[in-house]
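S.K.: Dropping in coords_21.csv, which is CSV, C-alpha atoms and all ligand atoms:
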chain,number,residue,atom,x,y,z
W,1337,MET,CA,43.5,-137.7,1.9
W,1338,LYS,CA,45.4,-135.1,-0.2
W,1339,ASN,CA,46.7,-136.4,-3.5
W,1340,GLN,CA,50.5,-136.2,-3.5
W,1341,VAL,CA,52.0,-134.7,-6.6
W,1342,LYS,CA,54.3,-137.2,-8.3
W,1343,GLN,CA,58.0,-136.3,-8.5
W,1344,ILE,CA,60.2,-137.1,-11.4
W,1345,LEU,CA,64.0,-136.7,-11.5
W,1346,VAL,CA,65.5,-135.4,-14.7
W,1347,THR,CA,69.3,-135.5,-14.8
W,1348,GLY,CA,71.0,-133.3,-17.4
W,1349,ALA,CA,68.0,-131.1,-17.9
W,1350,ALA,CA,70.2,-128.0,-18.7
W,1351,GLY,CA,71.2,-129.8,-21.9
W,1352,TYR,CA,69.7,-130.1,-25.3
W,1353,ILE,CA,67.4,-133.0,-25.2
W,1354,GLY,CA,66.7,-132.9,-21.4
W,1355,SER,CA,65.5,-129.3,-21.6
W,1356,HIS,CA,63.0,-130.1,-24.3
W,1357,VAL,CA,61.7,-133.0,-22.2
W,1358,VAL,CA,61.3,-130.8,-19.2
W,1359,LYS,CA,59.4,-128.3,-21.3
W,1360,GLN,CA,57.0,-131.0,-22.4
W,1361,LEU,CA,56.6,-132.3,-18.8
W,1362,LEU,CA,55.6,-128.8,-17.7
W,1363,GLU,CA,53.1,-128.5,-20.6
W,1364,GLU,CA,51.6,-131.9,-20.6
W,1365,THR,CA,51.8,-133.4,-17.1
W,1366,ASN,CA,51.5,-132.5,-13.4
W,1367,TYR,CA,54.8,-133.8,-12.3
W,1368,GLU,CA,57.0,-131.9,-9.9
W,1369,ILE,CA,60.4,-132.0,-11.6
W,1370,ILE,CA,63.6,-132.5,-9.7
W,1371,ILE,CA,66.5,-131.5,-11.9
W,1372,ILE,CA,70.1,-132.5,-11.3
W,1373,ASP,CA,72.7,-130.8,-13.5
W,1374,ASN,CA,76.2,-129.6,-12.9
W,1375,ILE,CA,76.0,-127.1,-15.8
W,1376,SER,CA,79.2,-128.6,-17.3
W,1377,THR,CA,77.9,-129.0,-20.9
W,1378,GLY,CA,74.4,-127.5,-20.3
W,1379,PHE,CA,73.5,-123.9,-19.5
W,1380,GLN,CA,72.2,-122.1,-16.4
W,1381,ASP,CA,70.2,-119.9,-18.8
W,1382,THR,CA,68.3,-123.0,-19.9
W,1383,ILE,CA,67.2,-123.7,-16.3
W,1384,VAL,CA,66.1,-120.0,-16.0
W,1385,THR,CA,64.0,-120.4,-19.2
W,1386,LEU,CA,62.5,-123.6,-17.9
W,1387,LYS,CA,61.7,-122.0,-14.6
W,1388,SER,CA,60.0,-119.1,-16.4
W,1389,LEU,CA,57.7,-121.6,-18.1
W,1390,ASP,CA,56.5,-123.0,-14.7
W,1391,LYS,CA,53.4,-120.9,-14.1
W,1392,THR,CA,53.0,-122.0,-10.5
W,1393,ASN,CA,56.7,-121.3,-9.7
W,1394,SER,CA,56.7,-124.5,-7.7
W,1395,ARG,CA,57.1,-127.4,-10.1
W,1396,ILE,CA,60.9,-127.2,-10.7
W,1397,LYS,CA,63.5,-127.9,-8.0
W,1398,PHE,CA,67.0,-127.5,-9.4
W,1399,TYR,CA,70.1,-129.1,-7.8
W,1400,ASP,CA,73.4,-127.9,-9.2
W,1401,LYS,CA,75.1,-131.2,-8.4
W,1402,ASP,CA,77.6,-133.5,-10.1
W,1403,LEU,CA,76.4,-137.1,-10.4
W,1404,SER,CA,79.9,-138.2,-9.2
W,1405,ASP,CA,79.1,-136.7,-5.8
W,1406,TRP,CA,77.3,-139.9,-4.7
W,1407,ASP,CA,76.5,-138.8,-1.1
W,1408,GLU,CA,74.9,-135.6,-2.3
W,1409,ILE,CA,72.9,-137.5,-4.9
W,1410,GLU,CA,71.6,-139.8,-2.2
W,1411,ASN,CA,70.7,-136.8,-0.1
W,1412,ILE,CA,68.4,-135.6,-2.9
W,1413,PHE,CA,66.6,-138.9,-2.8
W,1414,LYS,CA,66.3,-138.6,1.0
W,1415,GLU,CA,64.8,-135.1,0.7
W,1416,ASN,CA,62.3,-136.0,-1.9
W,1417,SER,CA,60.0,-138.8,-3.0
W,1418,ILE,CA,61.4,-139.6,-6.4
W,1419,LYS,CA,59.8,-142.7,-8.0
W,1420,GLU,CA,60.5,-141.9,-11.7
W,1421,ILE,CA,63.7,-140.9,-13.4
W,1422,ILE,CA,64.7,-139.8,-16.9
W,1423,HIS,CA,68.5,-139.9,-17.1
W,1424,PHE,CA,70.2,-137.7,-19.7
W,1425,ALA,CA,73.3,-136.4,-17.9
W,1426,ALA,CA,76.3,-137.7,-19.9
W,1427,PHE,CA,79.2,-136.7,-22.2
W,1428,SER,CA,78.3,-137.3,-25.8
W,1429,GLN,CA,81.3,-136.5,-28.1
W,1430,VAL,CA,82.5,-139.5,-30.0
W,1431,GLY,CA,85.9,-137.9,-30.8
W,1432,GLU,CA,86.6,-136.8,-27.3
W,1433,SER,CA,85.8,-140.3,-26.0
W,1434,MET,CA,88.5,-141.7,-28.3
W,1435,ILE,CA,91.1,-139.4,-26.6
W,1436,ASP,CA,89.8,-139.6,-23.0
W,1437,PRO,CA,87.9,-142.8,-22.7
W,1438,LEU,CA,87.9,-142.9,-18.9
W,1439,LYS,CA,86.1,-139.5,-18.8
W,1440,TYR,CA,83.3,-141.4,-20.5
W,1441,TYR,CA,83.4,-144.6,-18.5
W,1442,ILE,CA,83.4,-142.7,-15.2
W,1443,ASN,CA,80.7,-140.1,-16.0
W,1444,ASN,CA,78.5,-142.1,-18.3
W,1445,THR,CA,78.9,-145.6,-16.9
W,1446,ALA,CA,80.1,-145.5,-13.2
W,1447,ASN,CA,77.8,-142.6,-12.4
W,1448,THR,CA,74.8,-144.3,-14.0
W,1449,ALA,CA,75.6,-147.5,-12.0
W,1450,ASN,CA,75.5,-145.4,-8.8
W,1451,LEU,CA,72.3,-143.6,-9.8
W,1452,VAL,CA,70.6,-147.0,-10.5
W,1453,LYS,CA,71.9,-148.3,-7.1
W,1454,ILE,CA,70.3,-145.4,-5.3
W,1455,ALA,CA,67.2,-145.5,-7.5
W,1456,VAL,CA,66.6,-149.2,-6.5
W,1457,LYS,CA,67.3,-148.4,-2.8
W,1458,TYR,CA,64.7,-145.6,-2.8
W,1459,GLY,CA,62.0,-147.6,-4.6
W,1460,VAL,CA,62.2,-145.9,-8.1
W,1461,ALA,CA,59.7,-147.8,-10.4
W,1462,LYS,CA,60.4,-146.2,-13.8
W,1463,PHE,CA,63.8,-145.4,-15.3
W,1464,VAL,CA,64.0,-143.9,-18.8
W,1465,PHE,CA,67.5,-143.9,-20.2
W,1466,SER,CA,69.1,-142.0,-23.1
W,1467,SER,CA,71.2,-144.4,-25.1
W,1468,THR,CA,72.5,-144.0,-28.6
W,1469,ALA,CA,72.7,-145.5,-32.1
W,1470,ALA,CA,76.5,-145.5,-31.4
W,1471,VAL,CA,75.9,-148.9,-29.6
W,1472,PHE,CA,75.5,-150.5,-33.0
W,1473,GLY,CA,78.9,-149.3,-34.3
W,1474,GLU,CA,79.3,-149.8,-38.1
W,1475,PRO,CA,76.3,-151.9,-39.2
W,1476,ASN,CA,76.3,-154.0,-42.5
W,1477,LYS,CA,74.3,-152.7,-45.4
W,1478,GLU,CA,71.8,-155.6,-45.0
W,1479,ASP,CA,71.1,-154.6,-41.4
W,1480,ILE,CA,69.7,-151.1,-42.4
W,1481,PRO,CA,67.2,-150.0,-41.3
W,1482,ILE,CA,68.4,-151.0,-37.8
W,1483,LYS,CA,66.1,-153.1,-35.6
W,1484,GLU,CA,66.5,-153.2,-31.8
W,1485,ASP,CA,67.8,-156.8,-31.8
W,1486,LEU,CA,70.7,-156.1,-34.1
W,1487,THR,CA,74.0,-157.2,-32.4
W,1488,THR,CA,75.5,-154.3,-30.6
W,1489,LYS,CA,79.2,-153.6,-31.5
W,1490,PRO,CA,80.2,-150.1,-30.5
W,1491,ILE,CA,83.4,-148.8,-32.2
W,1492,ASN,CA,84.2,-146.0,-29.7
W,1493,PRO,CA,84.3,-145.5,-25.9
W,1494,TYR,CA,81.2,-143.2,-26.1
W,1495,GLY,CA,79.1,-146.1,-27.5
W,1496,SER,CA,80.6,-148.6,-25.1
W,1497,SER,CA,80.0,-146.4,-22.1
W,1498,LYS,CA,76.3,-146.2,-23.0
W,1499,LEU,CA,76.1,-149.9,-23.8
W,1500,PHE,CA,77.6,-150.8,-20.4
W,1501,SER,CA,75.0,-148.5,-18.8
W,1502,GLU,CA,72.3,-150.4,-20.7
W,1503,SER,CA,73.5,-153.7,-19.2
W,1504,ILE,CA,73.6,-152.2,-15.7
W,1505,ILE,CA,70.0,-151.0,-16.0
W,1506,LYS,CA,68.8,-154.3,-17.5
W,1507,ASP,CA,70.6,-156.5,-15.0
W,1508,SER,CA,69.3,-154.4,-12.1
W,1509,ALA,CA,65.7,-154.7,-13.4
W,1510,LYS,CA,66.1,-158.5,-13.6
W,1511,VAL,CA,66.7,-158.7,-9.8
W,1512,ASN,CA,64.4,-155.9,-8.7
W,1513,LYS,CA,60.9,-156.5,-9.9
W,1514,ASN,CA,59.7,-153.0,-8.9
W,1515,PHE,CA,62.4,-151.3,-11.1
W,1516,LYS,CA,61.4,-151.0,-14.8
W,1517,TYR,CA,63.1,-149.3,-17.6
W,1518,VAL,CA,62.8,-147.9,-21.1
W,1519,ILE,CA,66.0,-147.5,-23.0
W,1520,PHE,CA,66.0,-145.2,-26.0
W,1521,ARG,CA,68.7,-145.4,-28.7
W,1522,TYR,CA,68.6,-142.0,-30.3
W,1523,PHE,CA,69.6,-141.6,-33.9
W,1524,ASN,CA,70.5,-138.0,-35.1
W,1525,VAL,CA,68.6,-135.6,-32.9
W,1526,ALA,CA,68.2,-132.2,-34.4
W,1527,GLY,CA,66.2,-129.0,-34.7
W,1528,ALA,CA,64.9,-126.8,-31.9
W,1529,ASP,CA,61.7,-126.0,-30.0
W,1530,THR,CA,59.2,-124.7,-32.5
W,1531,GLN,CA,58.4,-121.7,-30.1
W,1532,GLY,CA,62.1,-120.8,-30.2
W,1533,LEU,CA,62.6,-120.9,-26.5
W,1534,ILE,CA,65.3,-123.6,-26.2
W,1535,GLY,CA,67.6,-125.3,-28.6
W,1536,GLU,CA,70.9,-127.0,-29.3
W,1537,CYS,CA,74.2,-125.5,-28.1
W,1538,HIS,CA,77.4,-127.4,-27.7
W,1539,ASP,CA,80.9,-126.2,-27.1
W,1540,PRO,CA,82.6,-127.2,-29.3
W,1541,GLU,CA,79.8,-127.8,-31.7
W,1542,THR,CA,80.4,-130.9,-33.9
W,1543,HIS,CA,77.0,-131.8,-35.1
W,1544,LEU,CA,76.1,-131.2,-38.8
W,1545,ILE,CA,72.8,-129.3,-38.5
W,1546,PRO,CA,73.9,-126.6,-36.0
W,1547,LEU,CA,77.2,-126.2,-37.9
W,1548,ILE,CA,75.3,-125.6,-41.2
W,1549,ALA,CA,72.9,-123.2,-39.5
W,1550,LYS,CA,76.0,-121.2,-38.2
W,1551,THR,CA,77.4,-121.2,-41.8
W,1552,ALA,CA,74.0,-120.1,-43.3
W,1553,LEU,CA,74.1,-117.1,-40.8
W,1554,GLY,CA,77.6,-116.2,-41.7
W,1555,LYS,CA,79.0,-117.2,-38.3
W,1556,ARG,CA,81.3,-119.6,-40.2
W,1557,GLU,CA,82.9,-119.2,-43.6
W,1558,ALA,CA,82.0,-122.6,-45.0
W,1559,ILE,CA,80.7,-126.1,-44.1
W,1560,SER,CA,83.0,-129.0,-44.7
W,1561,ILE,CA,81.4,-132.2,-45.9
W,1562,TYR,CA,83.4,-135.1,-44.4
W,1563,GLY,CA,83.8,-137.4,-47.4
W,1564,ASP,CA,81.9,-137.8,-50.6
W,1565,ASP,CA,83.2,-141.2,-51.5
W,1566,TYR,CA,81.0,-143.4,-49.3
W,1567,ASP,CA,79.0,-146.2,-50.8
W,1568,THR,CA,75.7,-144.1,-50.9
W,1569,PRO,CA,73.8,-142.6,-53.8
W,1570,ASP,CA,75.6,-139.2,-53.7
W,1571,GLY,CA,78.7,-140.4,-51.9
W,1572,THR,CA,78.0,-138.6,-48.6
W,1573,CYS,CA,76.9,-140.2,-45.3
W,1574,ILE,CA,73.2,-140.9,-44.6
W,1575,ARG,CA,71.6,-140.3,-41.2
W,1576,ASP,CA,68.1,-140.5,-39.7
W,1577,TYR,CA,67.4,-137.0,-38.4
W,1578,ILE,CA,64.7,-136.8,-35.7
W,1579,HIS,CA,63.2,-133.5,-34.4
W,1580,VAL,CA,64.0,-133.0,-30.7
W,1581,GLN,CA,60.3,-132.4,-29.8
W,1582,ASP,CA,59.3,-135.8,-31.3
W,1583,LEU,CA,62.0,-137.4,-29.3
W,1584,ALA,CA,60.9,-135.5,-26.2
W,1585,ASP,CA,57.4,-136.8,-26.8
W,1586,ALA,CA,58.7,-140.4,-26.8
W,1587,HIS,CA,60.0,-139.9,-23.3
W,1588,ILE,CA,56.6,-138.7,-22.0
W,1589,LYS,CA,55.0,-141.7,-23.7
W,1590,ALA,CA,57.6,-144.0,-22.1
W,1591,LEU,CA,56.4,-143.0,-18.6
W,1592,GLU,CA,52.8,-143.9,-19.5
W,1593,PHE,CA,54.1,-147.1,-21.2
W,1594,LEU,CA,55.8,-148.3,-18.1
W,1595,SER,CA,52.6,-148.1,-16.1
W,1596,THR,CA,51.2,-151.1,-17.9
W,1597,ASN,CA,54.0,-152.7,-19.9
W,1598,PRO,CA,57.3,-154.5,-19.1
W,1599,SER,CA,60.7,-152.9,-19.6
W,1600,ASP,CA,61.8,-152.5,-23.1
W,1601,THR,CA,64.4,-151.0,-25.5
W,1602,PHE,CA,63.5,-148.8,-28.5
W,1603,ASN,CA,65.3,-147.2,-31.5
W,1604,CYS,CA,64.3,-143.6,-32.0
W,1605,GLY,CA,64.4,-142.2,-35.4
W,1606,TYR,CA,62.0,-141.7,-38.3
W,1607,GLY,CA,63.1,-144.7,-40.4
W,1608,TYR,CA,64.3,-142.5,-43.2
W,1609,GLY,CA,67.7,-141.2,-44.0
W,1610,TYR,CA,69.1,-138.0,-45.7
W,1611,SER,CA,72.6,-137.6,-47.0
W,1612,VAL,CA,74.9,-134.8,-45.8
W,1613,LYS,CA,74.5,-133.1,-49.2
W,1614,GLU,CA,70.7,-133.3,-48.9
W,1615,VAL,CA,70.8,-131.6,-45.5
W,1616,VAL,CA,73.1,-128.9,-46.8
W,1617,ASP,CA,70.8,-128.2,-49.8
W,1618,THR,CA,67.8,-128.1,-47.5
W,1619,MET,CA,69.5,-125.5,-45.2
W,1620,LYS,CA,70.4,-123.5,-48.3
W,1621,LYS,CA,66.8,-123.5,-49.3
W,1622,VAL,CA,65.3,-122.5,-45.9
W,1623,SER,CA,68.0,-119.9,-45.3
W,1624,GLN,CA,68.0,-118.6,-48.9
W,1625,ASN,CA,71.8,-118.5,-48.7
W,1626,ASP,CA,74.0,-120.3,-51.1
W,1627,PHE,CA,76.9,-120.6,-48.6
W,1628,LYS,CA,80.2,-122.1,-49.3
W,1629,VAL,CA,80.7,-125.9,-49.1
W,1630,ILE,CA,84.0,-127.7,-49.0
W,1631,ILE,CA,84.5,-131.4,-49.7
W,1632,ASP,CA,86.8,-132.6,-47.0
W,1633,LYS,CA,88.3,-135.9,-46.1
W,1634,ARG,CA,86.3,-138.5,-44.2
W,1635,ARG,CA,86.0,-138.1,-40.4
W,1636,GLU,CA,87.3,-141.1,-38.5
W,1637,GLY,CA,84.7,-143.4,-37.1
W,1638,ASP,CA,81.7,-142.2,-39.2
W,1639,PRO,CA,79.5,-145.1,-40.4
W,1640,SER,CA,78.3,-144.5,-44.0
W,1641,THR,CA,74.6,-145.1,-43.2
W,1642,LEU,CA,72.5,-145.1,-40.0
W,1643,ILE,CA,68.8,-145.4,-40.3
W,1644,SER,CA,66.5,-146.7,-37.6
W,1645,ASP,CA,63.7,-149.2,-38.0
W,1646,CYS,CA,61.0,-147.4,-35.9
W,1647,THR,CA,58.3,-150.0,-36.3
W,1648,LYS,CA,58.6,-151.1,-32.7
W,1649,ILE,CA,58.2,-147.7,-31.0
W,1650,LYS,CA,55.3,-146.8,-33.2
W,1651,GLU,CA,53.5,-150.0,-32.6
W,1652,LYS,CA,54.2,-150.6,-28.9
W,1653,MET,CA,54.2,-147.0,-27.6
W,1654,LYS,CA,51.7,-145.5,-30.1
W,1655,TRP,CA,54.4,-142.9,-30.9
W,1656,THR,CA,53.3,-140.7,-33.8
W,1657,PRO,CA,55.9,-138.2,-34.9
W,1658,LYS,CA,54.6,-134.7,-35.7
W,1659,TYR,CA,57.7,-132.9,-37.0
W,1660,ASN,CA,59.0,-135.5,-39.5
W,1661,ASP,CA,60.1,-132.8,-42.0
W,1662,LEU,CA,63.7,-132.0,-42.8
W,1663,GLU,CA,62.8,-128.4,-43.8
W,1664,LEU,CA,61.2,-127.8,-40.4
W,1665,ILE,CA,64.1,-129.3,-38.6
W,1666,CYS,CA,66.5,-127.0,-40.5
W,1667,LYS,CA,64.2,-124.0,-40.0
W,1668,THR,CA,63.9,-124.4,-36.2
W,1669,ALA,CA,67.7,-125.0,-35.9
W,1670,LEU,CA,68.3,-121.8,-37.9
W,1671,GLU,CA,65.8,-119.7,-35.9
W,1672,TRP,CA,67.4,-120.9,-32.7
W,1673,GLU,CA,70.9,-120.2,-34.0
W,1674,LYS,CA,69.9,-116.6,-34.7
W,1675,LYS,CA,69.1,-116.2,-31.0
W,1676,LEU,CA,72.4,-117.6,-29.8
W,1701,LIG,N1,79.3,-134.0,-40.9
W,1701,LIG,C1,79.9,-133.2,-41.9
W,1701,LIG,N2,80.5,-132.0,-41.6
W,1701,LIG,C2,80.4,-131.5,-40.4
W,1701,LIG,C3,79.8,-132.3,-39.3
W,1701,LIG,C4,79.3,-133.5,-39.7
W,1701,LIG,O1,80.0,-133.7,-43.1
W,1701,LIG,O2,80.9,-130.4,-40.2
W,1701,LIG,C5,78.7,-135.3,-41.3
W,1701,LIG,C6,79.3,-136.4,-40.5
W,1701,LIG,O3,80.4,-136.9,-41.1
W,1701,LIG,C7,78.1,-137.4,-40.5
W,1701,LIG,C8,76.9,-136.5,-40.5
W,1701,LIG,O4,77.3,-135.2,-41.0
W,1701,LIG,O5,78.1,-138.1,-41.7
W,1701,LIG,C9,76.2,-136.3,-39.2
W,1701,LIG,O6,77.2,-136.0,-38.2
W,1701,LIG,P1,76.9,-135.5,-36.8
W,1701,LIG,O7,78.2,-135.1,-36.1
W,1701,LIG,O8,75.8,-134.4,-36.8
W,1701,LIG,O9,76.2,-136.7,-36.1
W,1701,LIG,P2,76.8,-138.2,-36.0
W,1701,LIG,O10,76.1,-139.0,-37.0
W,1701,LIG,O11,78.3,-138.3,-36.0
W,1701,LIG,O12,76.4,-138.5,-34.5
W,1701,LIG,C10,75.3,-139.2,-34.1
W,1701,LIG,C11,75.0,-138.9,-32.7
W,1701,LIG,C12,76.0,-139.5,-31.8
W,1701,LIG,C13,76.2,-141.0,-32.1
W,1701,LIG,C14,76.6,-141.1,-33.5
W,1701,LIG,C15,76.8,-142.6,-33.9
W,1701,LIG,O13,74.9,-137.5,-32.5
W,1701,LIG,O14,75.5,-139.4,-30.4
W,1701,LIG,O15,75.6,-140.6,-34.3
W,1701,LIG,O16,77.6,-142.7,-35.1
W,1701,LIG,F1,77.2,-141.4,-31.3
Could you write out this file's structure as structure tokens?
M.R.:
Amino acid sequence: MKNQVKQILVTGAAGYIGSHVVKQLLEETNYEIIIIDNISTGFQDTIVTLKSLDKTNSRIKFYDKDLSDWDEIENIFKENSIKEIIHFAAFSQVGESMIDPLKYYINNTANTANLVKIAVKYGVAKFVFSSTAAVFGEPNKEDIPIKEDLTTKPINPYGSSKLFSESIIKDSAKVNKNFKYVIFRYFNVAGADTQGLIGECHDPETHLIPLIAKTALGKREAISIYGDDYDTPDGTCIRDYIHVQDLADAHIKALEFLSTNPSDTFNCGYGYGYSVKEVVDTMKKVSQNDFKVIIDKRREGDPSTLISDCTKIKEKMKWTPKYNDLELICKTALEWEKKL
């Protein structure tokens, strides 16, 4: 009997992290990849690039659909034989979620509930979900680095919308023995594909590293540091920056992991933090540009320090980061920004 090629659904693959995962799926696996993306925050060009990497021209099937179109989503399951899912599609701006919380609860939470419902109905066995360090809110100093079992206390609707989704996935797995999940809580994902084919692009851009890359290239006049009076060694916030390809690799590992292990939740970072000033100085070094820096007031809702404890993912998933280097992260972000 002919071996059927396994199909995997990747939602949100036109976006930043999703596209890097699809690139690795193409390079390292044999999956046929079903993509659902409504190109609202992602880019059609990214899909074109991914398709150009598919040497056989047959491994990517792209559906330009919105996850809120529940009937259409179910039709995609009827047309295909999807047994594995990596679910990225979501809104991810903390500030916007404070102004328009329902946008987040509907797209991130309600649409995830529907996707899980359909997944269970059509016999999906593996579900990998992108959650966020924002589920932890503002951790106490003694809780850093953050372990997976720290009490979750989101302080914005974005974090809550992801935490609700986590519950939906976990509760569904409890009552459907065939449905297993890996939940990843991402810390600060940064950098770009080391071959320079894909990278980060948000509109508006709010993340530190792409904004400094733009400044280093003269696309912006200056970078504002949001607060230098935090309780940290140099007064600026500390974050755990993880290169997007290492994060993508964790997703590939999660699929293997679920073949022989029960469902689980993992924090995803390097276990080491850099201050905003250190990141700015690193970008100055790699770009060889002493661009202008302005010390601004604090941004509302920014925890002073977020560092993951990555012991669990390293031990259980045998995940070994390859790009744990802030200079490389800044360099790849800079190279990508030049192309934009
Ligand atoms: N920052 C500046 N200037 C800027 C932009 C950012 O000083 O122009 C600072 C922020 O204040 C923060 C750090 O750089 O201290 C990192 O900010 P980012 O916006 O790059 O990332 P966040 O830490 O705010 O966001 C991350 C994830 C979110 C998650 C959040 C949880 O990207 O998905 O952590 O706090 F919700």
S.K.: Compare W:Lys1510, W:Lys1401, W:Lys1516, W:Lys1555 by their minimum atom-to-atom distance to Phe1465 of chain W, counting all atoms listed in the file, and give me the closest one.
M.R.: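 Ranked by minimum distance to Phe1465 of chain W, first place goes to W:Lys1516.
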S.K.: Could you list, as a ChimeraX atom specification, all protein and nucleic acid residues with an atom at most 6 Å from ligand LIG 1701 (chain W), counting all atoms listed in the file?
M.R.: /W:1428,1430,1468-1470,1524,1542-1544,1559-1562,1573,1612,1635,1638
S.K.: Store the residues picked out above, limited to C-alpha atoms, as a PDB file, keeping the file's coordinate frame.
M.R.:
ATOM      1  CA  SER W1428      78.300-137.300 -25.800  1.00  0.00           C
ATOM      2  CA  VAL W1430      82.500-139.500 -30.000  1.00  0.00           C
ATOM      3  CA  THR W1468      72.500-144.000 -28.600  1.00  0.00           C
ATOM      4  CA  ALA W1469      72.700-145.500 -32.100  1.00  0.00           C
ATOM      5  CA  ALA W1470      76.500-145.500 -31.400  1.00  0.00           C
ATOM      6  CA  ASN W1524      70.500-138.000 -35.100  1.00  0.00           C
ATOM      7  CA  THR W1542      80.400-130.900 -33.900  1.00  0.00           C
ATOM      8  CA  HIS W1543      77.000-131.800 -35.100  1.00  0.00           C
ATOM      9  CA  LEU W1544      76.100-131.200 -38.800  1.00  0.00           C
ATOM     10  CA  ILE W1559      80.700-126.100 -44.100  1.00  0.00           C
ATOM     11  CA  SER W1560      83.000-129.000 -44.700  1.00  0.00           C
ATOM     12  CA  ILE W1561      81.400-132.200 -45.900  1.00  0.00           C
ATOM     13  CA  TYR W1562      83.400-135.100 -44.400  1.00  0.00           C
ATOM     14  CA  CYS W1573      76.900-140.200 -45.300  1.00  0.00           C
ATOM     15  CA  VAL W1612      74.900-134.800 -45.800  1.00  0.00           C
ATOM     16  CA  ARG W1635      86.000-138.100 -40.400  1.00  0.00           C
ATOM     17  CA  ASP W1638      81.700-142.200 -39.200  1.00  0.00           C
TER      18      ASP W1638
END
S.K.: Under the rule that all atoms listed in the file are counted, which of W:Ile1548, W:Ala1528, W:Ile1631, W:Ile1643 is the nearest residue to Ile1665 of chain W?
M.R.: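 That would be W:Ala1528, the residue with the smallest distance to Ile1665 of chain W.
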S.K.: Counting only C-alpha atoms, find residues at most 8 Å from (59.5, -126.6, -19.3) (file frame) and give them as a list in words.
M.R.: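 Counting only C-alpha atoms, I find these residues within 8 Å of (59.5, -126.6, -19.3): Ser1355, His1356, Val1357, Val1358, Lys1359, Gln1360, Leu1361, Leu1362, Glu1363, Thr1385, Leu1386, Lys1387, Leu1389 and Asp1390 of chain W.
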S.K.: Go ahead and fit an axis-aligned box to every listed atom of segment 1484-1497 of chain W plus 5 Å each side, and pass me the centre and edge lengths in Å, one decimal, as AutoDock Vina command-line options.
M.R.:
--center_x 75.4 --center_y -150.2 --center_z -28.1 --size_x 27.8 --size_y 24.0 --size_z 22.0
S.K.: Using all atoms listed in the file, which of W:Gly1554, W:Gly1378, W:Gly1354, W:Gly1607 sits nearest Glu1673 of chain W?
M.R.: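 Among W:Gly1554, W:Gly1378, W:Gly1354, W:Gly1607, it is W:Gly1554 that comes nearest to Glu1673 of chain W.
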S.K.: With a distance cut-off of 9 Å and all atoms listed in the file, select the neighbouring residues of Met1619 of chain W, excluding the residue or stretch itself and same-chain residues fewer than 2 positions from it, and output the selection as number ranges by chain.
M.R.: W: 1545, 1548-1549, 1552, 1614-1617, 1621-1625, 1663, 1666-1667, 1670
S.K.: Based on the selection just made, write C-alpha atoms of those residues as a PDB file, keeping the file's coordinate frame.
M.R.:
ATOM      1  CA  ILE W1545      72.800-129.300 -38.500  1.00  0.00           C
ATOM      2  CA  ILE W1548      75.300-125.600 -41.200  1.00  0.00           C
ATOM      3  CA  ALA W1549      72.900-123.200 -39.500  1.00  0.00           C
ATOM      4  CA  ALA W1552      74.000-120.100 -43.300  1.00  0.00           C
ATOM      5  CA  GLU W1614      70.700-133.300 -48.900  1.00  0.00           C
ATOM      6  CA  VAL W1615      70.800-131.600 -45.500  1.00  0.00           C
ATOM      7  CA  VAL W1616      73.100-128.900 -46.800  1.00  0.00           C
ATOM      8  CA  ASP W1617      70.800-128.200 -49.800  1.00  0.00           C
ATOM      9  CA  LYS W1621      66.800-123.500 -49.300  1.00  0.00           C
ATOM     10  CA  VAL W1622      65.300-122.500 -45.900  1.00  0.00           C
ATOM     11  CA  SER W1623      68.000-119.900 -45.300  1.00  0.00           C
ATOM     12  CA  GLN W1624      68.000-118.600 -48.900  1.00  0.00           C
ATOM     13  CA  ASN W1625      71.800-118.500 -48.700  1.00  0.00           C
ATOM     14  CA  GLU W1663      62.800-128.400 -43.800  1.00  0.00           C
ATOM     15  CA  CYS W1666      66.500-127.000 -40.500  1.00  0.00           C
ATOM     16  CA  LYS W1667      64.200-124.000 -40.000  1.00  0.00           C
ATOM     17  CA  LEU W1670      68.300-121.800 -37.900  1.00  0.00           C
TER      18      LEU W1670
END
S.K.: My list of candidates is W:Ile1588, W:Ala1558, W:Cys1604, W:Leu1403. Which is closest to Ile1344 of chain W when distances are computed with all atoms listed in the file?
M.R.: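 Between W:Ile1588, W:Ala1558, W:Cys1604, W:Leu1403, the residue approaching Ile1344 of chain W most closely is W:Ile1588.
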S.K.: Restricting the calculation to only C-alpha atoms: of W:Val1471, W:Val1346, W:Glu1478, W:Glu1420, which residue gets closest to Ser1496 of chain W?
M.R.: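 Of W:Val1471, W:Val1346, W:Glu1478, W:Glu1420, the one nearest Ser1496 of chain W, counting only C-alpha atoms, is W:Val1471.
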S.K.: Please indicate the distance in Å from atom CA of Ala1584 of chain W to atom CA of Ile1353 of chain W, rounded to one decimal place.
M.R.: 7.0 Å
